[in-house]
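Working notes for the structure below.
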Amino acid sequence: MQRATAPYFLILPSFILAAAIILWPLKEIVSLSLHDVNRFGMLREFVGLEHFRVLFADPDFIAATWRTLIWTACVVLGTLIVSVPIALILNEDFYGRGIARILIMLPWAISLTMTAVVWRWALNGESGMLNSALRDLGLIGSNIQWLAEASTAFPMQILIGILVSVPFTVTIFLGGLSSVPDDLYEAAATEGAGRWDQFRLITLPLLRPFINIAFVLNTIYVFNSFPIIWVTTQGGPANSTHILVTYLYELGFRLGRLGEAAAISLIMFAILLVFTLIYVRLAMREEKP
Amino acid sequence: MMNAKLKRSILFWLFLSPIVVVILFPYVVMTITSLKSATEVLNPTWWPEELHWQNFSEMWQTSGIASALANSLYVSTLSTLLTIIVSIPAAYALSRYQFAGRNAYRQFLLVSQMLSPIVLVIGLFRLVANAGMIDNLNVLVIIYTGFNIAFCVWMLQSYFSTIPRDLEEAAWMEGANRWRTLRSVFLPLAVPAMVVTAIFTFINAWNEFVIALTMLRKEENYTLPIRVLSLVAGRYTVDWHYVMAAAFVASVPVAILFAWLQRYLVRGLSIGAVK
């Protein structure tokens, strides 16, 4: 009898805490999204899906949704493309590998907020060091006001997003590469396969499950990523760099449109649930064989 | 004559150098700017004419970073302790017992790890505001704990599963009860895993942004990320040399800790993926 209940007592405290922090606010969000709310959070009459209707008629919301898609796709794909060769190199034996690993991992160690604050300064139009670096290299003739308009700010935010996502992705790939047995390569080499063939026929297929997992996890993280855009432009100028998370925050805490902010939260929650199901599927498939 | 390894090393470093330069760029800018004088800071020179170490002491006095440091330490330490205390039994249960609902609980953890605080921040804010607990650092402790439990239990149980059961079984044979075995056999072996997991939890709490931004209104309650952002956002003139000095102070200790521990994270993650 004691044995049967023991594990439940052991998991109970962690379950209560995690569930309280996740399920309770979720319930609040659902009720906010279905009621008329004043800017102080007082619930008034039930309005059904009115907030959702307002959102889908809001051009800024539609634009932010598209931008979230572009943001997520560019950062995730960019990260994967950059991370595969880095992981391949870091998996080889060479002088200074330990230092190279630490340098590549550095953005993971520093909080996103700090990295974004520093970039905001580096991208400064008059005194920023990015402009002076590019001028010294002869790449640009005059200073660029990077954060003054979306056409330069948003690509820079994507670049920052890629840089801070690389460490985690490389870590996953290194875990995958360490499971590839060396004799496979030796066998391939004796068969006359060149380096490119070895990569294409051995490394890539064995790395595939890890690429899948990195793809899904990065999609979730990048989709949720708030500090980079909030710190550099706060979604501006004129709402032109908002993604869903920053627009949600702006609506909820700047403009006091809590009902619509709650509706965005629920839409994001649904999308995240789909990503999570895909992840669970992939992770379970990895566990089976 | 060059040997093969040296040749390979040069080639690899050449390949890596562009990305390394781009990754290091902001942190180099941070360090250089933090040492410039107030007049030089607006000139984008690469090396300060004189190194203004006094920036750090001036920043310390004017920016209110000391109280932010204390707040961050308080919140991160308490939430790490609380997270570890509730996670250890859960991880032990997951790695040592078979019970109905074990898989359901693992999936609950997985899903809760996917939800970032930003998706729930509206609901959390409403709950906290209704309870009249805005600006209460202990609320932050509880919320951080809730969000870190999944990661913590996940890491701990993947390490616990690598501790051989034979040792505990041998102790039972000799007549020790479960609690005794736990205390004198299992826990000592699990200490390294607990320390590593605790440190990562601490770093997560230390770097958290959106919850602190939402729940803290009074300046004296700010944690480090909010304090540093407040030196920049919504100001007409920004003392960038002080901001960069503050960012340096807020980042470097944790970065060193992380650089030292990152290989354990690689191990924990890859064990977690297999088991």
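Each chain in the structure tokens gets a letter, A, B and so on, in the order shown; residues start at 1 in every chain, and ligands are counted from 1 in the order they appear.
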
- Message: Show me, as a ChimeraX atom specification, the residues that have an atom within 8 Å of Asn207 in chain B when counting only C-alpha atoms, minus same-chain residues fewer than 4 positions from it.
- Response: /A:110-113 /B:203,225

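Those residues that approach Ile81 in chain A to within 12 Å, counting only C-alpha atoms, are Ala73, Cys74, Val75, Val76, Leu77, Gly78, Thr79, Ser83, Val84, Pro85, Ile86, Ala87, Leu88, Ile162, Leu163, Ser165, Val166, Thr169, Val170, Phe173, Ile211, Ala214 and Phe215 of chain A; same-chain residues fewer than 2 positions away are not listed.
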
- Task: Name the residues in contact with range 65-77 of chain B at a cut-off of 7 Å, using only C-alpha atoms, excluding same-chain residues fewer than 2 positions from it; report them as number ranges by chain.
- Result: B: 60, 63, 79-81, 137, 140-141, 202, 205-206, 220-224, 227

- Within 9 Å of Pro13 in chain A, counting only C-alpha atoms, which residues show up once you throw out same-chain ones fewer than 5 positions away? Write them as JSON, numbers by chain, please. {"A": [18], "B": [86, 87, 89, 90]}

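Distances from B:Leu35, B:Leu42, B:Ile134, B:Leu156 to chain A were compared using only C-alpha atoms, and the smallest one belongs to B:Leu42.
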
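With only C-alpha atoms as the atoms that count, the residue of B:Phe209, B:His241, B:Val249, B:Arg96 with the shortest distance to Val231 in chain A is B:Phe209.
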
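For the set A:Ile264, A:Met105, A:Ile228, A:Ala148, the residue with the smallest atom-to-atom gap to Val118 in chain A is A:Ile228, counting only C-alpha atoms.
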
- Work out how far apart CA of Phe61 in chain A and CA of Gly48 in chain A are and give it in Å to one decimal. 19.3 Å

- Task: Once DSSP has gone over the backbone, tell me which residues of range 46-204 of chain A are in helix (DSSP H, G or I), as a PyMOL selection string.
- Result: chain A and resi 50-56+59-90+97-109+112-122+129-136+146-148+150-177+182-190+195-204

- Task: Restrict the distance test to only C-alpha atoms, flag each residue of chain B within 7 Å of chain A, and return the flagged residues as a PyMOL selection string.
- Result: chain B and resi 5+8-9+12+20+23+26+29-30+42-44+86-87+89-90+93+97+111+114+116+118-120+122-124+143+146-147+149+207+209+225+229+247+251+254-255+258-259+266+270+274
